[in-house]
Amino acid sequence: MAADATGVGFPGGAGPFAGLTARHPAARRPVGRALPTAGPWGHVLRRSAHLLPAVAVVALLAVPSAPAGDGSAGSGSVADAASGLLVLHCLVRVLRDRARPLTRTAALVLGLPVLGVTIAAITAHDPASSLPGVARYLQIFVLVPGALLLLLRDRRDFRLAAGSVVVLALVQGAVGVTQYLTGTGASYMGEEIRAVGTFGPTDVMGMATVVAYGLVICVGFALSPVAEGRGRHAARVQRAVALGCAGLLAVPLALSFSRGAWIATAVAVALQLTLSGPRRAVVVALVTGALGVVLVGGLGIGSQMISERLDSITRVTDAPDQSVTDRYTMWAAATGMWREHPVTGVGLKGFPDYRDSHASLALSAASDTEGAGLGFQRQPLLSPHNMYLLVLSEQGLLGIVALVGSWAALLVCALRRLPGAHRSRTGADCGLAVTGLLVWQLVDFSYADIGGPSTVLTAVMLGLAARWALGPDWCAAKSEAGRA
């Protein structure tokens with residue numbers, strides 16, 4: 001028995017509305033069936049809809065954020081609010097699916113930082129004032145990485161999330177290069193030419209971090225081995241695009257004048273080249289060197305100031321500038337705090353309160369910021385600009401072992417999966433990108449710490465690393481499918 005447009009059945013499909021249903025096939029569609037989305041883009045949107053919260057976090061980092069009232073970079077932004085929605089979204093999915101979301105290894109690795117942070121907050125001189133620090137640490141090192149671990153289902157999801165970081169890096173890099181060329185950047189050596197993107201002069205490391213992340217991801221994708229088969233041409237196109245984007249991102253990274261970002265990027269890229277194989281490493285190194293000669297030597301893009309900045313790296317002990325002096329003084333102060341409170345530290349958010357009693361008179365206590373749309377102001381030095389010493393001084397040995405242990409476990413797990421990815425030619429680009437990102441962050445933490453609007457991108461990076469290192473193994477899944 002067939003049904004007409006009203007739902008009334010007639011034998012053989014006959015009835016008063018038979019002509020109508022014949023002329024309008026849509027009228028015969030069963031009630032409740034969704035209309036198909038036309039075109040391939042509809043399929044892509046449907047398949048990637050669950051990634052919108054993660055992509056939104058990255059995209060909203062392009063929105064300028066106002067500095068805090070004390071002149072510091074502040075920590076709250078629309079991207080931070082979006083990261084909270086991302087965590088909530090994943091929590092709802094976990095409760096709805098009623099499944100164990102994490103493996104024991106993943107829960108242990110991501111849960112380690114909770115131990116040191118909680119004890120440091122409890123033992124702080126003023127536990128109430130340390131609560132914002134607890135929320136910040138859990139957001140960056142536990143909640144957002146865990147949410148991305150659950151959200152990214154396969155290599156396509158991973159590449160889309162990583163690609164959004166590259167797009168953000170290209171946008172921020174374009175803004176930074178424009179600032180240098182037009183003299184509208186942050187103040188550097190008396191000229192407003194320092195590329196800082198939309199992060200402003202109070203977060204001079206923001207654009208450098210974003211651009212470096214994008215460059216490292218592009219290098220990882222460019223070094224990936226090309227698999228045989230139908231996807232060979234697409235893989236070659238991906239490598240060419242990734243290499244071109246890496247070359248473009250090298251320009252704003254150089255114009256950021258960030259010595260720490262330069263060092264971290266050089267170490268990360270060198271490791272990626274080593275892991276990808278000597279032949280490919282030589283080719284990419286030659287192309288990168290030639291590009292650097294053309295941009296800096298031939299076109300003269302920031303050549304003098306970049307050379308002076310590079311030379312200053314080797315003069316940190318002979319003739320250091322005030323920024324280096326301040327950093328060394330704060331490092332010594334952080335070490336002094338740890339010696340007095342070796343196990344649990346002085347407590348979260350305790351470094352500014354103990355700084356002056358442990359620092360020498362060489363410390364200027366604030367740095368001058370100007371340009372990029374803001375007037376002159378003094379930015380207080382509220383941290384030692386070294387993540388390891390910050391954790392050591394505020395959380396003691398317990399906190400540093402827990403936090404660094406979590407990062408080391410991520411790196412080890414990521415490295416363990418690389419050989420299988422190279423053999424199967426499945427996901428090696430993701431593994432190289434993750435390895436480079438982790439190494440970049442571990443090196444950069446020697447010159448910087450968390451703080452400012454760009455910090456939420458560190459959480460996104462750790463989420464990508466957690467998905468590769470702790471999630472289901474794509475290479476093993478492909479091997480099992482091949483044997484079946």
# chains A, B, ... in the order shown; residues from 1 in each chain; ligands from 1
call {"tool": "residues_around", "arguments": {"residues": "A:Ser130", "least_positions_apart": "5", "cutoff": "6 Å", "atoms": "only C-alpha atoms", "output": "ChimeraX atom specification"}}
result
/A:121,348-349
call {"tool": "select_by_dssp", "arguments": {"residues": "stretch 329-473 of chain A", "states": "helix (DSSP H, G or I)", "output": "PyMOL selection string"}}
result
chain A and resi 329-340+351-358+387-424+428-444+455-470
call {"tool": "residues_around", "arguments": {"residues": "A:Ile140", "least_positions_apart": "2", "cutoff": "6 Å", "atoms": "only C-alpha atoms", "output": "number ranges by chain"}}
result
A: 137-138, 459
call {"tool": "residues_around", "arguments": {"residues": "A:Val267", "least_positions_apart": "3", "cutoff": "12 Å", "atoms": "only C-alpha atoms", "output": "PyMOL selection string"}}
result
chain A and resi 212+216+260-264+270-274+435-444
call {"tool": "atom_distance", "arguments": {"atom1": "atom CA of A:Gly347", "atom2": "atom CA of A:Thr123"}}
result
6.2 Å
call {"tool": "residues_around", "arguments": {"residues": "A:Gly396", "least_positions_apart": "5", "cutoff": "7 Å", "atoms": "only C-alpha atoms", "output": "compact mmCIF listing (two decimals) with all heavy atoms, in the first residue's frame"}}
result
# COMPACT_ATOMS: atom_id res chain seq x y z
N TRP A 338 62.85 29.25 45.16
CA TRP A 338 62.79 27.79 45.23
C TRP A 338 63.67 27.25 46.36
O TRP A 338 63.29 26.28 47.03
CB TRP A 338 63.23 27.20 43.88
CG TRP A 338 63.50 25.74 43.98
CD1 TRP A 338 62.58 24.75 44.17
CD2 TRP A 338 64.77 25.09 43.91
NE1 TRP A 338 63.20 23.52 44.23
CE2 TRP A 338 64.55 23.71 44.06
CE3 TRP A 338 66.08 25.56 43.72
CZ2 TRP A 338 65.60 22.78 44.04
CZ3 TRP A 338 67.11 24.64 43.69
CH2 TRP A 338 66.87 23.28 43.86
N HIS A 341 61.67 27.47 49.47
CA HIS A 341 60.49 26.61 49.49
C HIS A 341 60.68 25.51 48.44
O HIS A 341 60.06 25.54 47.38
CB HIS A 341 59.22 27.42 49.20
CG HIS A 341 59.02 28.59 50.11
ND1 HIS A 341 59.64 29.80 49.92
CD2 HIS A 341 58.25 28.72 51.22
CE1 HIS A 341 59.27 30.64 50.86
NE2 HIS A 341 58.43 30.01 51.67
N PRO A 342 61.54 24.54 48.71
CA PRO A 342 61.95 23.60 47.66
C PRO A 342 60.87 22.62 47.21
O PRO A 342 60.89 22.18 46.06
CB PRO A 342 63.13 22.86 48.29
CG PRO A 342 62.90 22.98 49.76
CD PRO A 342 62.26 24.30 49.97
N VAL A 343 59.95 22.25 48.07
CA VAL A 343 59.00 21.18 47.74
C VAL A 343 57.76 21.71 47.03
O VAL A 343 57.39 21.23 45.95
CB VAL A 343 58.60 20.39 49.00
CG1 VAL A 343 57.61 19.28 48.63
CG2 VAL A 343 59.82 19.80 49.67
N THR A 344 57.11 22.71 47.62
CA THR A 344 55.85 23.20 47.07
C THR A 344 55.94 24.63 46.55
O THR A 344 54.95 25.16 46.04
CB THR A 344 54.74 23.14 48.13
OG1 THR A 344 55.13 23.92 49.26
CG2 THR A 344 54.50 21.69 48.56
N GLY A 345 57.08 25.30 46.64
CA GLY A 345 57.23 26.66 46.12
C GLY A 345 56.51 27.70 46.96
O GLY A 345 55.99 27.41 48.05
N VAL A 391 57.51 27.71 37.30
CA VAL A 391 56.90 26.56 37.97
C VAL A 391 57.72 26.15 39.18
O VAL A 391 57.18 25.82 40.25
CB VAL A 391 56.75 25.38 36.98
CG1 VAL A 391 56.23 24.14 37.69
CG2 VAL A 391 55.81 25.77 35.84
call {"tool": "residues_around", "arguments": {"residues": "A:Asp154", "least_positions_apart": "5", "cutoff": "10 Å", "atoms": "only C-alpha atoms", "output": "list in words"}}
result
Arg159, Gly427, Arg467, Trp468, Gly471, Pro472, Asp473 and Trp474 of chain A
call {"tool": "atom_distance", "arguments": {"atom1": "atom CA of A:Ala62", "atom2": "atom CA of A:Leu86"}}
result
17.5 Å
